[in-house]
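Student: Sharing start.pdb here; it has PDB, C-alpha atoms, pLDDT in the B column.
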```pdb
ATOM      1  CA  MET A 225      98.412  83.394  95.221  1.00 73.00           C
ATOM      2  CA  GLU A 226      99.534  85.889  92.575  1.00 81.00           C
ATOM      3  CA  ALA A 227      96.324  87.902  93.142  1.00 84.00           C
ATOM      4  CA  PHE A 228      96.934  87.976  96.925  1.00 88.00           C
ATOM      5  CA  LEU A 229     100.540  89.148  96.475  1.00 85.00           C
ATOM      6  CA  HIS A 230      99.458  91.759  93.924  1.00 84.00           C
ATOM      7  CA  GLY A 231      96.839  93.077  96.370  1.00 83.00           C
ATOM      8  CA  MET A 232      99.378  93.300  99.212  1.00 83.00           C
ATOM      9  CA  ILE A 233     101.970  95.180  97.153  1.00 81.00           C
ATOM     10  CA  LEU A 234      99.403  97.530  95.632  1.00 76.00           C
ATOM     11  CA  ALA A 235      97.700  98.336  98.952  1.00 80.00           C
ATOM     12  CA  PHE A 236     101.029  98.897 100.688  1.00 73.00           C
ATOM     13  CA  GLY A 237     102.175 101.227  97.916  1.00 71.00           C
ATOM     14  CA  LEU A 238      98.993 103.294  98.166  1.00 70.00           C
ATOM     15  CA  ILE A 239      98.792 103.476 101.960  1.00 74.00           C
ATOM     16  CA  LEU A 240     102.476 104.130 102.666  1.00 67.00           C
ATOM     17  CA  PRO A 241     102.748 107.854 101.685  1.00 62.00           C
ATOM     18  CA  LEU A 242     102.220 110.419 104.447  1.00 59.00           C
ATOM     19  CA  GLY A 243      98.665 111.735 104.242  1.00 71.00           C
ATOM     20  CA  VAL A 244      95.881 113.163 106.393  1.00 77.00           C
ATOM     21  CA  GLN A 245      94.567 109.753 107.427  1.00 84.00           C
ATOM     22  CA  ASN A 246      98.013 108.414 108.378  1.00 85.00           C
ATOM     23  CA  VAL A 247      98.928 111.619 110.239  1.00 82.00           C
ATOM     24  CA  PHE A 248      95.733 111.490 112.294  1.00 86.00           C
ATOM     25  CA  VAL A 249      96.028 107.822 113.280  1.00 91.00           C
ATOM     26  CA  PHE A 250      99.736 108.227 114.099  1.00 89.00           C
ATOM     27  CA  SER A 251      99.034 111.326 116.215  1.00 84.00           C
ATOM     28  CA  GLN A 252      96.452 109.427 118.273  1.00 89.00           C
ATOM     29  CA  GLY A 253      99.072 106.845 119.144  1.00 89.00           C
ATOM     30  CA  ALA A 254     101.366 109.699 120.208  1.00 84.00           C
ATOM     31  CA  THR A 255      98.837 111.737 122.225  1.00 83.00           C
ATOM     32  CA  GLN A 256      96.644 109.125 123.939  1.00 88.00           C
ATOM     33  CA  PRO A 257      97.798 108.128 127.459  1.00 86.00           C
ATOM     34  CA  HIS A 258      97.581 104.398 126.639  1.00 88.00           C
ATOM     35  CA  LEU A 259      97.800 102.502 123.343  1.00 89.00           C
ATOM     36  CA  VAL A 260      94.328 100.993 123.868  1.00 92.00           C
ATOM     37  CA  ARG A 261      92.843 104.516 123.958  1.00 92.00           C
ATOM     38  CA  ALA A 262      94.060 105.089 120.373  1.00 93.00           C
ATOM     39  CA  LEU A 263      92.301 101.958 119.047  1.00 95.00           C
ATOM     40  CA  PRO A 264      89.052 103.765 118.048  1.00 95.00           C
ATOM     41  CA  ALA A 265      90.987 105.888 115.525  1.00 94.00           C
ATOM     42  CA  SER A 266      92.843 102.873 114.130  1.00 95.00           C
ATOM     43  CA  ILE A 267      89.786 100.613 113.916  1.00 96.00           C
ATOM     44  CA  THR A 268      87.586 103.330 112.366  1.00 96.00           C
ATOM     45  CA  ALA A 269      90.203 104.176 109.705  1.00 94.00           C
ATOM     46  CA  SER A 270      90.555 100.456 108.922  1.00 94.00           C
ATOM     47  CA  ILE A 271      86.776  99.976 108.606  1.00 95.00           C
ATOM     48  CA  CYS A 272      86.481 103.034 106.327  1.00 93.00           C
ATOM     49  CA  ASP A 273      89.320 101.768 104.126  1.00 91.00           C
ATOM     50  CA  THR A 274      87.711  98.321 103.987  1.00 93.00           C
ATOM     51  CA  LEU A 275      84.429  99.917 102.897  1.00 91.00           C
ATOM     52  CA  LEU A 276      86.172 101.945 100.161  1.00 89.00           C
ATOM     53  CA  ILE A 277      88.071  98.872  98.934  1.00 90.00           C
ATOM     54  CA  LEU A 278      84.876  96.765  98.767  1.00 90.00           C
ATOM     55  CA  LEU A 279      82.989  99.528  96.950  1.00 86.00           C
ATOM     56  CA  ALA A 280      85.877  99.967  94.504  1.00 83.00           C
ATOM     57  CA  VAL A 281      86.258  96.262  93.772  1.00 84.00           C
ATOM     58  CA  PHE A 282      82.529  95.652  93.375  1.00 80.00           C
ATOM     59  CA  GLY A 283      81.727  98.363  90.860  1.00 72.00           C
ATOM     60  CA  LEU A 284      81.870 101.924  92.208  1.00 62.00           C
ATOM     61  CA  SER A 285      85.089 102.591  90.286  1.00 57.00           C
ATOM     62  CA  ILE A 286      83.249 102.087  86.976  1.00 63.00           C
ATOM     63  CA  ILE A 287      80.598 104.672  87.965  1.00 68.00           C
ATOM     64  CA  VAL A 288      83.023 107.346  89.204  1.00 60.00           C
ATOM     65  CA  LEU A 289      85.385 106.983  86.248  1.00 60.00           C
ATOM     66  CA  GLN A 290      82.460 107.493  83.840  1.00 71.00           C
ATOM     67  CA  PHE A 291      81.265 110.812  85.320  1.00 72.00           C
ATOM     68  CA  GLU A 292      83.754 113.682  85.198  1.00 74.00           C
ATOM     69  CA  TRP A 293      81.515 115.977  87.271  1.00 76.00           C
ATOM     70  CA  LEU A 294      81.501 113.429  90.115  1.00 71.00           C
ATOM     71  CA  ARG A 295      85.304 113.254  90.095  1.00 68.00           C
ATOM     72  CA  ILE A 296      85.519 117.095  90.143  1.00 76.00           C
ATOM     73  CA  ALA A 297      82.972 117.311  92.987  1.00 76.00           C
ATOM     74  CA  LEU A 298      84.926 114.770  95.065  1.00 68.00           C
ATOM     75  CA  MET A 299      88.185 116.624  94.456  1.00 70.00           C
ATOM     76  CA  SER A 300      86.662 120.044  95.275  1.00 78.00           C
ATOM     77  CA  VAL A 301      85.226 118.906  98.604  1.00 74.00           C
ATOM     78  CA  GLY A 302      88.467 117.113  99.399  1.00 69.00           C
ATOM     79  CA  LEU A 303      90.528 120.209  98.550  1.00 76.00           C
ATOM     80  CA  LEU A 304      88.648 122.353 101.090  1.00 81.00           C
ATOM     81  CA  PHE A 305      88.909 119.586 103.661  1.00 74.00           C
ATOM     82  CA  LEU A 306      92.682 119.251 103.173  1.00 72.00           C
ATOM     83  CA  LEU A 307      93.196 123.007 103.588  1.00 81.00           C
ATOM     84  CA  TYR A 308      91.243 122.896 106.858  1.00 80.00           C
ATOM     85  CA  MET A 309      93.067 119.805 108.158  1.00 72.00           C
ATOM     86  CA  GLY A 310      96.460 121.330 107.331  1.00 76.00           C
ATOM     87  CA  TYR A 311      95.519 124.458 109.287  1.00 82.00           C
ATOM     88  CA  THR A 312      94.305 122.397 112.272  1.00 76.00           C
ATOM     89  CA  ILE A 313      97.473 120.268 112.369  1.00 72.00           C
ATOM     90  CA  TRP A 314      99.738 123.335 112.016  1.00 81.00           C
ATOM     91  CA  ARG A 315      97.993 125.058 114.952  1.00 79.00           C
ATOM     92  CA  SER A 316      98.208 122.031 117.280  1.00 69.00           C
ATOM     93  CA  ASN A 317     100.984 122.198 119.843  1.00 64.00           C
ATOM     94  CA  PRO A 318     102.011 118.852 121.366  1.00 57.00           C
ATOM     95  CA  ALA A 319     104.852 120.525 123.278  1.00 51.00           C
ATOM     96  CA  SER A 320     102.336 122.034 125.695  1.00 47.00           C
ATOM     97  CA  ALA A 321     100.810 118.882 127.106  1.00 43.00           C
ATOM     98  CA  ASP A 322      98.383 120.796 129.352  1.00 42.00           C
ATOM     99  CA  ASN A 323      96.656 122.330 126.328  1.00 44.00           C
ATOM    100  CA  ASN A 324      96.780 119.180 124.244  1.00 52.00           C
ATOM    101  CA  GLU A 325      94.208 116.856 125.778  1.00 63.00           C
ATOM    102  CA  PRO A 326      93.741 113.482 124.088  1.00 77.00           C
ATOM    103  CA  LEU A 327      90.643 113.208 121.905  1.00 83.00           C
ATOM    104  CA  PRO A 328      87.720 111.288 123.449  1.00 89.00           C
ATOM    105  CA  VAL A 329      86.400 108.187 121.671  1.00 91.00           C
ATOM    106  CA  LYS A 330      83.509 109.938 119.833  1.00 92.00           C
ATOM    107  CA  LYS A 331      85.760 112.665 118.426  1.00 89.00           C
ATOM    108  CA  GLN A 332      88.380 110.104 117.407  1.00 91.00           C
ATOM    109  CA  ILE A 333      85.749 108.162 115.465  1.00 93.00           C
ATOM    110  CA  LEU A 334      84.306 111.308 113.802  1.00 91.00           C
ATOM    111  CA  PHE A 335      87.765 112.593 112.827  1.00 88.00           C
ATOM    112  CA  ALA A 336      88.829 109.169 111.537  1.00 90.00           C
ATOM    113  CA  VAL A 337      85.662 108.893 109.409  1.00 91.00           C
ATOM    114  CA  SER A 338      86.172 112.412 108.008  1.00 86.00           C
ATOM    115  CA  VAL A 339      89.875 111.958 107.164  1.00 83.00           C
ATOM    116  CA  SER A 340      89.067 108.610 105.534  1.00 86.00           C
ATOM    117  CA  LEU A 341      85.889 109.354 103.589  1.00 84.00           C
ATOM    118  CA  LEU A 342      86.472 113.065 102.808  1.00 79.00           C
ATOM    119  CA  ASN A 343      90.044 112.447 101.682  1.00 73.00           C
ATOM    120  CA  PRO A 344      90.062 112.704  97.867  1.00 70.00           C
ATOM    121  CA  HIS A 345      93.402 110.916  97.572  1.00 68.00           C
ATOM    122  CA  ALA A 346      92.130 107.911  99.511  1.00 71.00           C
ATOM    123  CA  ILE A 347      88.921 107.805  97.446  1.00 75.00           C
ATOM    124  CA  LEU A 348      90.548 108.345  94.050  1.00 71.00           C
ATOM    125  CA  ASP A 349      93.448 105.983  94.800  1.00 71.00           C
ATOM    126  CA  THR A 350      91.129 103.266  96.041  1.00 78.00           C
ATOM    127  CA  ILE A 351      88.617 103.628  93.220  1.00 72.00           C
ATOM    128  CA  GLY A 352      91.037 104.492  90.431  1.00 69.00           C
ATOM    129  CA  VAL A 353      93.837 102.063  91.292  1.00 74.00           C
ATOM    130  CA  ILE A 354      92.471  99.215  93.411  1.00 80.00           C
ATOM    131  CA  GLY A 355      89.088  99.211  91.636  1.00 76.00           C
ATOM    132  CA  THR A 356      90.569  99.085  88.150  1.00 71.00           C
ATOM    133  CA  SER A 357      93.267  96.564  89.185  1.00 78.00           C
ATOM    134  CA  ALA A 358      90.557  94.275  90.566  1.00 81.00           C
ATOM    135  CA  LEU A 359      88.955  94.119  87.104  1.00 73.00           C
ATOM    136  CA  LYS A 360      91.849  91.852  86.111  1.00 77.00           C
ATOM    137  CA  TYR A 361      90.551  89.126  88.435  1.00 81.00           C
ATOM    138  CA  SER A 362      87.323  87.246  88.939  1.00 81.00           C
ATOM    139  CA  GLY A 363      85.899  84.740  91.396  1.00 85.00           C
ATOM    140  CA  ARG A 364      88.340  83.337  93.965  1.00 89.00           C
ATOM    141  CA  GLU A 365      91.273  85.414  92.673  1.00 89.00           C
ATOM    142  CA  GLN A 366      89.303  88.644  93.048  1.00 87.00           C
ATOM    143  CA  MET A 367      88.409  87.663  96.619  1.00 91.00           C
ATOM    144  CA  LEU A 368      92.097  86.984  97.410  1.00 92.00           C
ATOM    145  CA  PHE A 369      93.108  90.323  95.883  1.00 90.00           C
ATOM    146  CA  THR A 370      90.466  92.154  97.948  1.00 91.00           C
ATOM    147  CA  ALA A 371      91.390  90.282 101.168  1.00 93.00           C
ATOM    148  CA  ALA A 372      95.059  91.229 100.735  1.00 92.00           C
ATOM    149  CA  CYS A 373      94.211  94.938 100.301  1.00 91.00           C
ATOM    150  CA  VAL A 374      92.007  94.866 103.409  1.00 93.00           C
ATOM    151  CA  LEU A 375      94.608  92.966 105.476  1.00 94.00           C
ATOM    152  CA  ILE A 376      97.377  95.474 104.669  1.00 92.00           C
ATOM    153  CA  SER A 377      95.072  98.355 105.612  1.00 91.00           C
ATOM    154  CA  TRP A 378      94.291  96.903 109.057  1.00 95.00           C
ATOM    155  CA  LEU A 379      97.920  95.986 109.797  1.00 95.00           C
ATOM    156  CA  TRP A 380      99.128  99.427 108.689  1.00 93.00           C
ATOM    157  CA  PHE A 381      96.766 101.438 110.922  1.00 94.00           C
ATOM    158  CA  PHE A 382      97.535  99.294 113.968  1.00 95.00           C
ATOM    159  CA  GLY A 383     101.233  99.746 113.209  1.00 94.00           C
ATOM    160  CA  LEU A 384     100.778 103.520 113.046  1.00 92.00           C
ATOM    161  CA  ILE A 385      99.373 103.829 116.569  1.00 93.00           C
ATOM    162  CA  ILE A 386     102.223 101.648 117.883  1.00 94.00           C
ATOM    163  CA  ALA A 387     104.737 103.911 116.087  1.00 91.00           C
ATOM    164  CA  GLY A 388     103.033 106.997 117.548  1.00 87.00           C
ATOM    165  CA  ALA A 389     103.151 105.558 121.060  1.00 87.00           C
ATOM    166  CA  SER A 390     106.863 104.726 120.584  1.00 87.00           C
ATOM    167  CA  LEU A 391     107.596 108.313 119.510  1.00 80.00           C
ATOM    168  CA  LYS A 392     105.853 109.601 122.622  1.00 75.00           C
ATOM    169  CA  ARG A 393     108.158 107.506 124.829  1.00 77.00           C
ATOM    170  CA  LEU A 394     111.234 108.826 122.976  1.00 76.00           C
ATOM    171  CA  ASP A 395     109.995 112.429 122.922  1.00 66.00           C
ATOM    172  CA  SER A 396     108.499 113.344 126.283  1.00 64.00           C
ATOM    173  CA  SER A 397     108.877 117.097 125.582  1.00 65.00           C
ATOM    174  CA  GLY A 398     106.692 116.935 122.460  1.00 65.00           C
ATOM    175  CA  LYS A 399     109.234 118.851 120.340  1.00 74.00           C
ATOM    176  CA  LEU A 400     109.675 116.066 117.766  1.00 73.00           C
ATOM    177  CA  MET A 401     105.911 115.687 117.464  1.00 70.00           C
ATOM    178  CA  ASN A 402     105.613 119.434 116.930  1.00 75.00           C
ATOM    179  CA  ILE A 403     108.112 119.262 114.034  1.00 78.00           C
ATOM    180  CA  PHE A 404     106.249 116.240 112.664  1.00 72.00           C
ATOM    181  CA  ASN A 405     102.959 118.178 112.780  1.00 72.00           C
ATOM    182  CA  LYS A 406     104.452 121.176 110.950  1.00 79.00           C
ATOM    183  CA  CYS A 407     105.923 118.923 108.230  1.00 76.00           C
ATOM    184  CA  SER A 408     102.627 117.047 107.958  1.00 71.00           C
ATOM    185  CA  ALA A 409     100.648 120.289 107.577  1.00 76.00           C
ATOM    186  CA  ILE A 410     102.996 121.454 104.792  1.00 82.00           C
ATOM    187  CA  PHE A 411     102.653 118.084 103.058  1.00 73.00           C
ATOM    188  CA  ILE A 412      98.845 118.222 103.322  1.00 70.00           C
ATOM    189  CA  TRP A 413      98.770 121.763 101.885  1.00 81.00           C
ATOM    190  CA  GLY A 414     101.042 120.539  99.096  1.00 78.00           C
ATOM    191  CA  THR A 415      98.575 117.738  98.381  1.00 69.00           C
ATOM    192  CA  ALA A 416      95.765 120.324  98.255  1.00 73.00           C
ATOM    193  CA  LEU A 417      97.744 122.399  95.717  1.00 79.00           C
ATOM    194  CA  TYR A 418      98.337 119.278  93.647  1.00 70.00           C
ATOM    195  CA  LEU A 419      94.597 118.573  93.631  1.00 67.00           C
ATOM    196  CA  LEU A 420      93.909 122.197  92.683  1.00 77.00           C
ATOM    197  CA  SER A 421      96.252 121.883  89.699  1.00 76.00           C
ATOM    198  CA  GLY A 422      94.161 118.934  88.546  1.00 66.00           C
ATOM    199  CA  LEU A 423      90.996 121.042  88.692  1.00 67.00           C
ATOM    200  CA  VAL A 424      92.240 124.097  86.744  1.00 65.00           C
TER     201      VAL A 424
END
```
Take the structure from the file and write it as structure tokens.

Tutor:
Amino acid sequence: MEAFLHGMILAFGLILPLGVQNVFVFSQGATQPHLVRALPASITASICDTLLILLAVFGLSIIVLQFEWLRIALMSVGLLFLLYMGYTIWRSNPASADNNEPLPVKKQILFAVSVSLLNPHAILDTIGVIGTSALKYSGREQMLFTAACVLISWLWFFGLIIAGASLKRLDSSGKLMNIFNKCSAIFIWGTALYLLSGLV
């Protein structure tokens, strides 16, 4: 039970901060006409997180932490991706609903995969924190730890689309969402600068 609780607290702590993945899933809840239409983004992000958690727990963390060049390559690709995502989010304008059509299912899935698997923070956090924390456990306890991390991930992403849909009902003009997007873009650029400082 201690392993399960540890996994829940750790996963919640890692997933809670505002990041590219969270911003995207939340925005789908806010821009899709119905909550069900935002499910592809939520489910895809959850599956990607589950995959990263399983890879981290079952050995990938040991490989990545041993090769500095691999860590630098991941961070470099992620840095460019974050700069691009920040620019895209800054340019979006939810206030003009006519020009802000909801993403179709295929694009939702592609975007969710990219913000999950090209996000250096998600990769490094999962591998560096969850992967190394899992080394403390073995057998049944390791399975409980892993299950807790996965459970929190799925609950969180479903919660995000519900929160996005709630914001849309409160903010029919799109002005609050526009402010949220601008703040998110600044945060994402800040994350990119932080990554850059780790490379130089």

Student: Counting all atoms listed in the file, which of A:Leu420, A:Ile333, A:Ala254, A:Ile376 gets nearest to Leu400 in chain A?

Tutor: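 Once distances to Leu400 in chain A are computed over all atoms listed in the file, the minimum belongs to A:Ala254.
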
Student: Return as a ChimeraX atom specification the set of residues that the PyMOL selection byres ((chain A and resi 374) around 10) yields on the displayed structure.

Tutor: /A:231-232,235,270-271,273-278,368-373,375-380

Student: So what do you get for CA of Gly310 in chain A versus CA of Val244 in chain A, distance-wise?

Tutor: 8.2 Å

Student: Between A:Ile233, A:Ala269, A:Met401, A:Leu294, single out the one closest to Ala389 in chain A, counting only C-alpha atoms.

Tutor: A:Met401

Student: To one decimal place in Å, what is the distance between CA of Trp413 in chain A and CA of Ile354 in chain A?

Tutor: 24.9 Å

Student: Range 303-306 of chain A: which residues within 9 Å, counting all atoms listed in the file, same-chain residues fewer than 5 positions away excluded, as number ranges by chain?

Tutor: A: 244, 298, 311, 338-339, 342-344, 412-413, 415-417, 419-420

Student: What does the distance between CA of Phe236 in chain A and CA of Ile347 in chain A come to in Å, to one decimal place?

Tutor: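 Computing the Euclidean distance for CA of Phe236 in chain A and CA of Ile347 in chain A yields 15.4 Å.
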
Student: Counting all atoms listed in the file, which residue out of A:Ile313, A:Lys331, A:Ala346, A:Leu391 sits closest to Ile239 in chain A?

Tutor: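 Closest to Ile239 in chain A, using all atoms listed in the file: A:Ala346.
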
Student: Could you tell me which of A:Val247, A:Ile403, A:Leu234, A:Ile296 comes closest to Ala358 in chain A if we count all atoms listed in the file?

Tutor: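 The closest residue to Ala358 in chain A is A:Leu234.
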
Student: May I have the centre and edge lengths, in Å to one decimal, of an axis-aligned box around the listed atoms of range 272-276 of chain A with 5 Å added to every side, as AutoDock Vina command-line options?

Tutor:
```
--center_x 86.9 --center_y 100.7 --center_z 103.2 --size_x 14.9 --size_y 14.7 --size_z 16.2
```

Student: Applying 7 Å and all atoms listed in the file, which residues near Trp314 in chain A remain after dropping the ones on its own chain fewer than 5 positions away? List them as a compact mmCIF listing (two decimals) with C-alpha atoms, keeping the file's coordinate frame.

Tutor:
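Final output, selection08.txt:
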```txt
# COMPACT_ATOMS: atom_id res chain seq x y z
CA ASN A 405 102.96 118.18 112.78
CA LYS A 406 104.45 121.18 110.95
CA ALA A 409 100.65 120.29 107.58
```

Student: Between A:Met225, A:Ser390, A:Leu341, A:Phe404, single out the one closest to Arg364 in chain A, counting all atoms listed in the file.

Tutor: A:Met225

Student: Which of these, A:Met299, A:Met309, A:Gly253, A:Thr268, has the shortest distance to Asp349 in chain A once you count all atoms listed in the file?

Tutor: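 Distance minimum relative to Asp349 in chain A lands on A:Met299.
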
Student: Run the PyMOL selection byres ((chain A and resi 261) around 10) mentally over the shown coordinates, then write out the matched residues as a list of chain:residue names, using the chain letters and numbers from the document.

Tutor: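 For this structure, the PyMOL selection byres ((chain A and resi 261) around 10) captures A:Gln252, A:Gly253, A:Thr255, A:Gln256, A:Pro257, A:His258, A:Leu259, A:Val260, A:Ala262, A:Leu263, A:Pro264, A:Ala265, A:Ser266, A:Pro326, A:Leu327, A:Pro328, A:Val329, A:Gln332, A:Ile385.
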